[in-house]
Amino acid sequence: MVRYNISVMPENYALFRTMLLIRRFEERLLAEFSTGKLAGTTHAYIGQEADAAGIFSVTDPGDVVFSSHRCHGHLLAYGGDPYRLAAELMGKATGLVGGRGGSQHIHWRNFYSNGIQGGILPVATGMALAEKVNKTGKIALAFLGDGTLGEGALYESLNIASLWSLPILFVVENNRYAQTTPIELAVAGTITGRFSAFGITTLERDTSDVLEVQAAALEAVGSVRRNGRPVGLILHTYRFSAHSKGDEVRDPAEITRAREKDPLLIHAMRLNDAECARAESEVAAIIEDAFLRASADPFPSPESLITDH
Amino acid sequence: MTTVLDRLNFALHHAMQTDERVYVLGEDILDPYGGAFKVTRGLSTAFPERVLTTPISEAAIVGVASGMALRGLRPVAEIMFGDFVTLTADQIVNHAAKFRWMYNDQVRVPVVVRTPMGGRRGYGPTHSQSLEKMFLGVPGLRVVAPNTLGDPGQLLEAAIADDDPVLFVEHKLLYTRPLLEAGKGDLVDYEIQSFGAPFTSYVLRFTNYSPHLTIASYGYNFELARAAALELLMEREIFCEIVLFSQLSPFTLDPLLDSLTRTHRLLTVEEGGLTLGWGAEILARVAESSNDFPHGGASRSRYSLRRVAALDLPIANSKPLEDAILPSVETIIHAALALFEA
């Protein structure tokens, strides 16, 4: 691929670096799992980095975020500390939630995640209501995937968010598979139709170009903030990694085709060689430091479990 | 005459008046209807901005309330019938009750889920149950049940002031019941001891007679327990102490163990199904407590233990069937007498 050796906007560099941080973090994580250094489960975000990087480049620091089981990319783009995330994944006392939550159950500042499909959506809707009545000017963002479209709690939430005009952005990252089940076997009708049925406007993009995601997110976030109404941002994407760790059933040729639209490759075209190399070396240092420090940290003490009712 | 309903309704008015963070959400709660059991009557007129009538979406009612609570408000969610809490189970178990602990105590979730439970009104299998037993023992969740002895309004306000999630279980038959007054009516011979606050447990005991039996109960079944105790006294000269729980989970056995040192006989009374119910846990803990009984395990193991609960069946619509399925004064007396035959 030809790389244009041009001077770029600082923002382009930041977007690239965010996506690269997510990519390298998840790769390191999967490697640590495969060598047995990590136990438990994880859901990698590899391939979907443009979504998180694009969206969190246009949100306000005070906005409230509720993410799902596949939350590492969202947290890192939100500004979460890779070291404390790594420590959480290792079950260390220094983790974001002291080792109690692990991969899918994270809280930091206004960022929350939970591993129950659909269940987070009414909660995020209630958070949007709180921001509205407290007149903070902040909005809520709730992340879901195509798989979550099967959960009834989503539709209860869409109904209430629209009825009560709540400032919430529902981000659907359609990576086309719910674990192993292709969307064709799980979703009837259209995704847009599920929002328009409740009078919620949608923006839909089929892209892995972070600038296109960013432009759509800017419009969507602006609309929620300006109108105090929910919006659905539907991003068609693809995850290159397995759903979790070793559960790949997709056609390798399909994955190879998707990798041709790797968000990192697309956006790297806008950077010069030196910038790409700088991003790689900065990110490598951050991740090495994060995993080394986290592995050296202590586990939480079982005595800490004993509390009063 | 002040009823349980009056006190609960007053408590909601008072809480909304004194704390602007309090919101009330639920189905059909707007005036003039004011809620299926009228607990929310008058609220939407007094506080139109903070009373939110909802679609029929129980999961979302509790989920939205939890989200509000995570962000600093103090919502009270009404689930119209306790039977519908199954629809909220994910929100209660995997969200509201989980957040504080799984986020390493960095958040609090001050949400109250109020709901009427219980039968005896002929509402049939899906509108008469006492499903609170499904939520007992859920970590991070407090389960509270008002009664006619403590002030139900004070209990509800304490639940609203609590920084953690509370499932507040109101038996339907309690709403029209008057509050009891110590020293009056069938309480005349009892001395009343209180344990703990604000979700207080009570022990009703005789001062001048040594008691024979402890009856433990909560909510509406405290009414049945008192009626049975009165009849056992009048007809059989059996003196009963009654232990009344307001907080079902988590709970402390102390008031009950204190009473058992005097009576050595325990009967639990609940309206939920017998198997794996509230009484089963109480009896198990009493049995285990023999291990640290100050006078040695042998005397504790002589305790006679028994449960009264609903039959393990759905609750029938037809009155004779419903009566046969649910505990009654007669079944309590029958079980009590059986404890003396052992």
# chains A, B, ... in the order shown; residues from 1 in each chain; ligands from 1
>>> interface_residues(of="chain B", to="chain A", cutoff="6 Å", atoms="only C-alpha atoms", output="VMD selection string")
chain B and resid 60 63 to 68 102 to 104
>>> residues_around(residues="Pro82 in chain A", least_positions_apart="5", cutoff="10 Å", atoms="only C-alpha atoms", output="number ranges by chain")
A: 21-22, 25, 72, 75-76, 87-88, 95-96, 286-291, 294
>>> write_last_selection(atoms="C-alpha atoms", output="short mmCIF file (atom, residue, chain, number, x, y, z; two decimals), in the first residue's frame")
data_model
loop_
_atom_site.label_atom_id
_atom_site.label_comp_id
_atom_site.auth_asym_id
_atom_site.auth_seq_id
_atom_site.Cartn_x
_atom_site.Cartn_y
_atom_site.Cartn_z
CA LEU A 21 -3.25 1.34 21.62
CA ILE A 22 -6.45 -0.70 21.54
CA PHE A 25 -3.43 -3.99 24.08
CA HIS A 72 -11.70 -2.66 26.55
CA LEU A 75 -12.45 2.22 27.97
CA LEU A 76 -9.07 2.89 26.37
CA ALA A 87 -4.24 -5.20 36.40
CA GLU A 88 -8.01 -5.72 36.50
CA GLY A 95 -7.16 -3.12 38.93
CA LEU A 96 -9.86 -0.62 38.05
CA ILE A 286 2.85 2.00 27.35
CA ILE A 287 1.72 -1.59 26.97
CA GLU A 288 4.97 -3.10 28.12
CA ASP A 289 4.89 -0.89 31.18
CA ALA A 290 1.22 -1.64 31.84
CA PHE A 291 1.57 -5.42 31.71
CA ALA A 294 0.34 -5.15 36.60
#
>>> residues_around(residues="Val22 in chain B", least_positions_apart="3", cutoff="6 Å", atoms="only C-alpha atoms", output="list in words")
Met16, Asp19, Arg74 and Pro75 of chain B
>>> select_by_dssp(residues="range 132-199 of chain A", states="strand (DSSP E or B)", output="number ranges by chain")
A: 140-145, 168-174, 177-178, 181-182
>>> residues_around(residues="Phe99 in chain B", least_positions_apart="6", cutoff="8 Å", atoms="only C-alpha atoms", output="list of chain:residue names")
B:Val107, B:Arg108, B:Val109
>>> closest_residue(among="A:Leu144, A:Leu20, A:Leu235, A:Ala253", to="Ile55 in chain A", atoms="only C-alpha atoms")
A:Leu235
>>> closest_residue(among="A:His74, A:Arg270, A:His243, A:Arg225", to="Ala50 in chain A", atoms="only C-alpha atoms")
A:His74
>>> residues_around(residues="range 83-86 of chain B", least_positions_apart="2", cutoff="9 Å", atoms="only C-alpha atoms", output="PyMOL selection string")
chain B and resi 58-59+79-81+88-90+92+115-118+126-132+134
>>> closest_residue(among="B:Tyr190, B:Tyr23, B:Phe340, B:Phe135", to="Ala97 in chain B", atoms="only C-alpha atoms")
B:Phe135
>>> closest_residue(among="B:Tyr123, B:Asp31, B:Thr54, B:Leu155", to="Ser318 in chain B", atoms="only C-alpha atoms")
B:Tyr123
>>> residues_around(residues="Ala229 in chain B", least_positions_apart="5", cutoff="9 Å", atoms="only C-alpha atoms", output="list in words")
Ile215, Leu224, Met234, Ile238, Phe239, Cys240, Glu241, Ile242, Val329, Ile332 and Ile333 of chain B
>>> residues_around(residues="Lys38 in chain B", least_positions_apart="5", cutoff="9 Å", atoms="only C-alpha atoms", output="PDB file with N, CA and C atoms, in the first residue's frame")
ATOM      1  N   LEU B   5     -51.510   1.555  54.707  1.00  0.00           N
ATOM      2  CA  LEU B   5     -51.552   2.319  53.450  1.00  0.00           C
ATOM      3  C   LEU B   5     -51.344   3.811  53.711  1.00  0.00           C
ATOM      4  N   ASN B   9     -48.216   5.896  52.154  1.00  0.00           N
ATOM      5  CA  ASN B   9     -48.514   7.034  51.293  1.00  0.00           C
ATOM      6  C   ASN B   9     -47.921   8.315  51.878  1.00  0.00           C
ATOM      7  N   ILE B  29     -49.561   5.138  38.041  1.00  0.00           N
ATOM      8  CA  ILE B  29     -49.430   5.784  39.351  1.00  0.00           C
ATOM      9  C   ILE B  29     -49.927   7.226  39.360  1.00  0.00           C
ATOM     10  N   TYR B  33     -56.059   8.046  39.451  1.00  0.00           N
ATOM     11  CA  TYR B  33     -56.028   6.619  39.801  1.00  0.00           C
ATOM     12  C   TYR B  33     -55.099   6.391  40.995  1.00  0.00           C
TER      13      TYR B  33
END
>>> decode(residues="range 40-82 of chain B", atoms="N, CA and C atoms", output="tab-separated table (two decimals), in the first residue's frame")
chain	number	residue	atom	x	y	z
B	40	THR	N	-49.43	5.36	45.91
B	40	THR	CA	-48.84	6.56	45.31
B	40	THR	C	-49.88	7.68	45.15
B	41	ARG	N	-51.03	7.53	45.74
B	41	ARG	CA	-52.12	8.50	45.62
B	41	ARG	C	-51.66	9.92	45.99
B	42	GLY	N	-52.01	10.87	45.15
B	42	GLY	CA	-51.71	12.28	45.46
B	42	GLY	C	-50.31	12.74	45.07
B	43	LEU	N	-49.42	11.81	44.81
B	43	LEU	CA	-48.03	12.20	44.55
B	43	LEU	C	-47.89	12.99	43.25
B	44	SER	N	-48.59	12.52	42.21
B	44	SER	CA	-48.41	13.18	40.91
B	44	SER	C	-49.02	14.57	40.91
B	45	THR	N	-49.99	14.80	41.78
B	45	THR	CA	-50.57	16.13	41.90
B	45	THR	C	-49.61	17.06	42.64
B	46	ALA	N	-49.00	16.52	43.69
B	46	ALA	CA	-48.11	17.34	44.51
B	46	ALA	C	-46.74	17.54	43.85
B	47	PHE	N	-46.28	16.51	43.14
B	47	PHE	CA	-44.92	16.57	42.57
B	47	PHE	C	-44.94	16.11	41.11
B	48	PRO	N	-45.64	16.87	40.25
B	48	PRO	CA	-45.83	16.37	38.87
B	48	PRO	C	-44.53	16.09	38.13
B	49	GLU	N	-43.46	16.84	38.45
B	49	GLU	CA	-42.20	16.66	37.71
B	49	GLU	C	-41.45	15.40	38.13
B	50	ARG	N	-41.76	14.89	39.31
B	50	ARG	CA	-40.95	13.80	39.83
B	50	ARG	C	-41.71	12.49	39.98
B	51	VAL	N	-42.90	12.45	39.41
B	51	VAL	CA	-43.67	11.21	39.42
B	51	VAL	C	-43.84	10.78	37.97
B	52	LEU	N	-43.26	9.66	37.61
B	52	LEU	CA	-43.18	9.25	36.22
B	52	LEU	C	-43.99	7.99	36.00
B	53	THR	N	-45.09	8.14	35.27
B	53	THR	CA	-45.86	6.95	34.95
B	53	THR	C	-45.20	6.28	33.75
B	54	THR	N	-45.13	4.97	33.78
B	54	THR	CA	-44.31	4.25	32.81
B	54	THR	C	-45.15	3.34	31.92
B	55	PRO	N	-44.59	2.94	30.80
B	55	PRO	CA	-45.20	1.84	30.05
B	55	PRO	C	-45.14	0.55	30.89
B	56	ILE	N	-45.81	-0.48	30.44
B	56	ILE	CA	-45.73	-1.77	31.12
B	56	ILE	C	-44.39	-2.39	30.74
B	57	SER	N	-43.38	-2.05	31.51
B	57	SER	CA	-41.99	-2.44	31.22
B	57	SER	C	-41.27	-2.61	32.54
B	58	GLU	N	-41.56	-3.69	33.25
B	58	GLU	CA	-41.02	-3.82	34.60
B	58	GLU	C	-39.50	-3.82	34.63
B	59	ALA	N	-38.87	-4.51	33.68
B	59	ALA	CA	-37.40	-4.54	33.66
B	59	ALA	C	-36.86	-3.13	33.52
B	60	ALA	N	-37.46	-2.36	32.61
B	60	ALA	CA	-36.96	-1.00	32.39
B	60	ALA	C	-37.27	-0.11	33.58
B	61	ILE	N	-38.39	-0.32	34.24
B	61	ILE	CA	-38.70	0.52	35.42
B	61	ILE	C	-37.57	0.38	36.44
B	62	VAL	N	-37.19	-0.85	36.73
B	62	VAL	CA	-36.14	-1.06	37.73
B	62	VAL	C	-34.78	-0.65	37.17
B	63	GLY	N	-34.53	-0.94	35.91
B	63	GLY	CA	-33.25	-0.57	35.30
B	63	GLY	C	-33.07	0.93	35.23
B	64	VAL	N	-34.10	1.64	34.78
B	64	VAL	CA	-34.03	3.10	34.71
B	64	VAL	C	-33.81	3.65	36.11
B	65	ALA	N	-34.55	3.11	37.08
B	65	ALA	CA	-34.39	3.59	38.46
B	65	ALA	C	-32.96	3.36	38.94
B	66	SER	N	-32.38	2.23	38.62
B	66	SER	CA	-31.00	1.95	39.03
B	66	SER	C	-30.03	2.92	38.40
B	67	GLY	N	-30.25	3.22	37.13
B	67	GLY	CA	-29.39	4.19	36.44
B	67	GLY	C	-29.49	5.57	37.09
B	68	MET	N	-30.71	5.97	37.45
B	68	MET	CA	-30.91	7.23	38.15
B	68	MET	C	-30.16	7.22	39.48
B	69	ALA	N	-30.27	6.08	40.17
B	69	ALA	CA	-29.63	5.97	41.49
B	69	ALA	C	-28.11	6.05	41.37
B	70	LEU	N	-27.56	5.40	40.33
B	70	LEU	CA	-26.11	5.45	40.12
B	70	LEU	C	-25.63	6.89	39.90
B	71	ARG	N	-26.51	7.73	39.40
B	71	ARG	CA	-26.13	9.10	39.09
B	71	ARG	C	-26.70	10.10	40.09
B	72	GLY	N	-26.96	9.61	41.32
B	72	GLY	CA	-27.21	10.56	42.41
B	72	GLY	C	-28.65	10.83	42.79
B	73	LEU	N	-29.62	10.26	42.07
B	73	LEU	CA	-31.01	10.45	42.46
B	73	LEU	C	-31.43	9.33	43.42
B	74	ARG	N	-32.65	9.45	43.99
B	74	ARG	CA	-33.14	8.44	44.94
B	74	ARG	C	-34.51	7.96	44.47
B	75	PRO	N	-34.51	7.11	43.44
B	75	PRO	CA	-35.78	6.67	42.86
B	75	PRO	C	-36.47	5.58	43.69
B	76	VAL	N	-37.80	5.63	43.65
B	76	VAL	CA	-38.62	4.57	44.22
B	76	VAL	C	-39.43	4.00	43.06
B	77	ALA	N	-39.20	2.73	42.75
B	77	ALA	CA	-39.91	2.09	41.64
B	77	ALA	C	-41.04	1.24	42.22
B	78	GLU	N	-42.22	1.37	41.63
B	78	GLU	CA	-43.33	0.51	42.06
B	78	GLU	C	-43.55	-0.56	41.00
B	79	ILE	N	-43.55	-1.81	41.46
B	79	ILE	CA	-43.94	-2.92	40.58
B	79	ILE	C	-45.35	-3.30	41.02
B	80	MET	N	-46.30	-3.19	40.09
B	80	MET	CA	-47.71	-3.21	40.45
B	80	MET	C	-48.12	-4.45	41.25
B	81	PHE	N	-47.65	-5.60	40.82
B	81	PHE	CA	-47.88	-6.84	41.57
B	81	PHE	C	-46.53	-7.52	41.81
B	82	GLY	N	-46.36	-8.04	43.02
B	82	GLY	CA	-45.11	-8.71	43.35
B	82	GLY	C	-44.77	-9.86	42.42
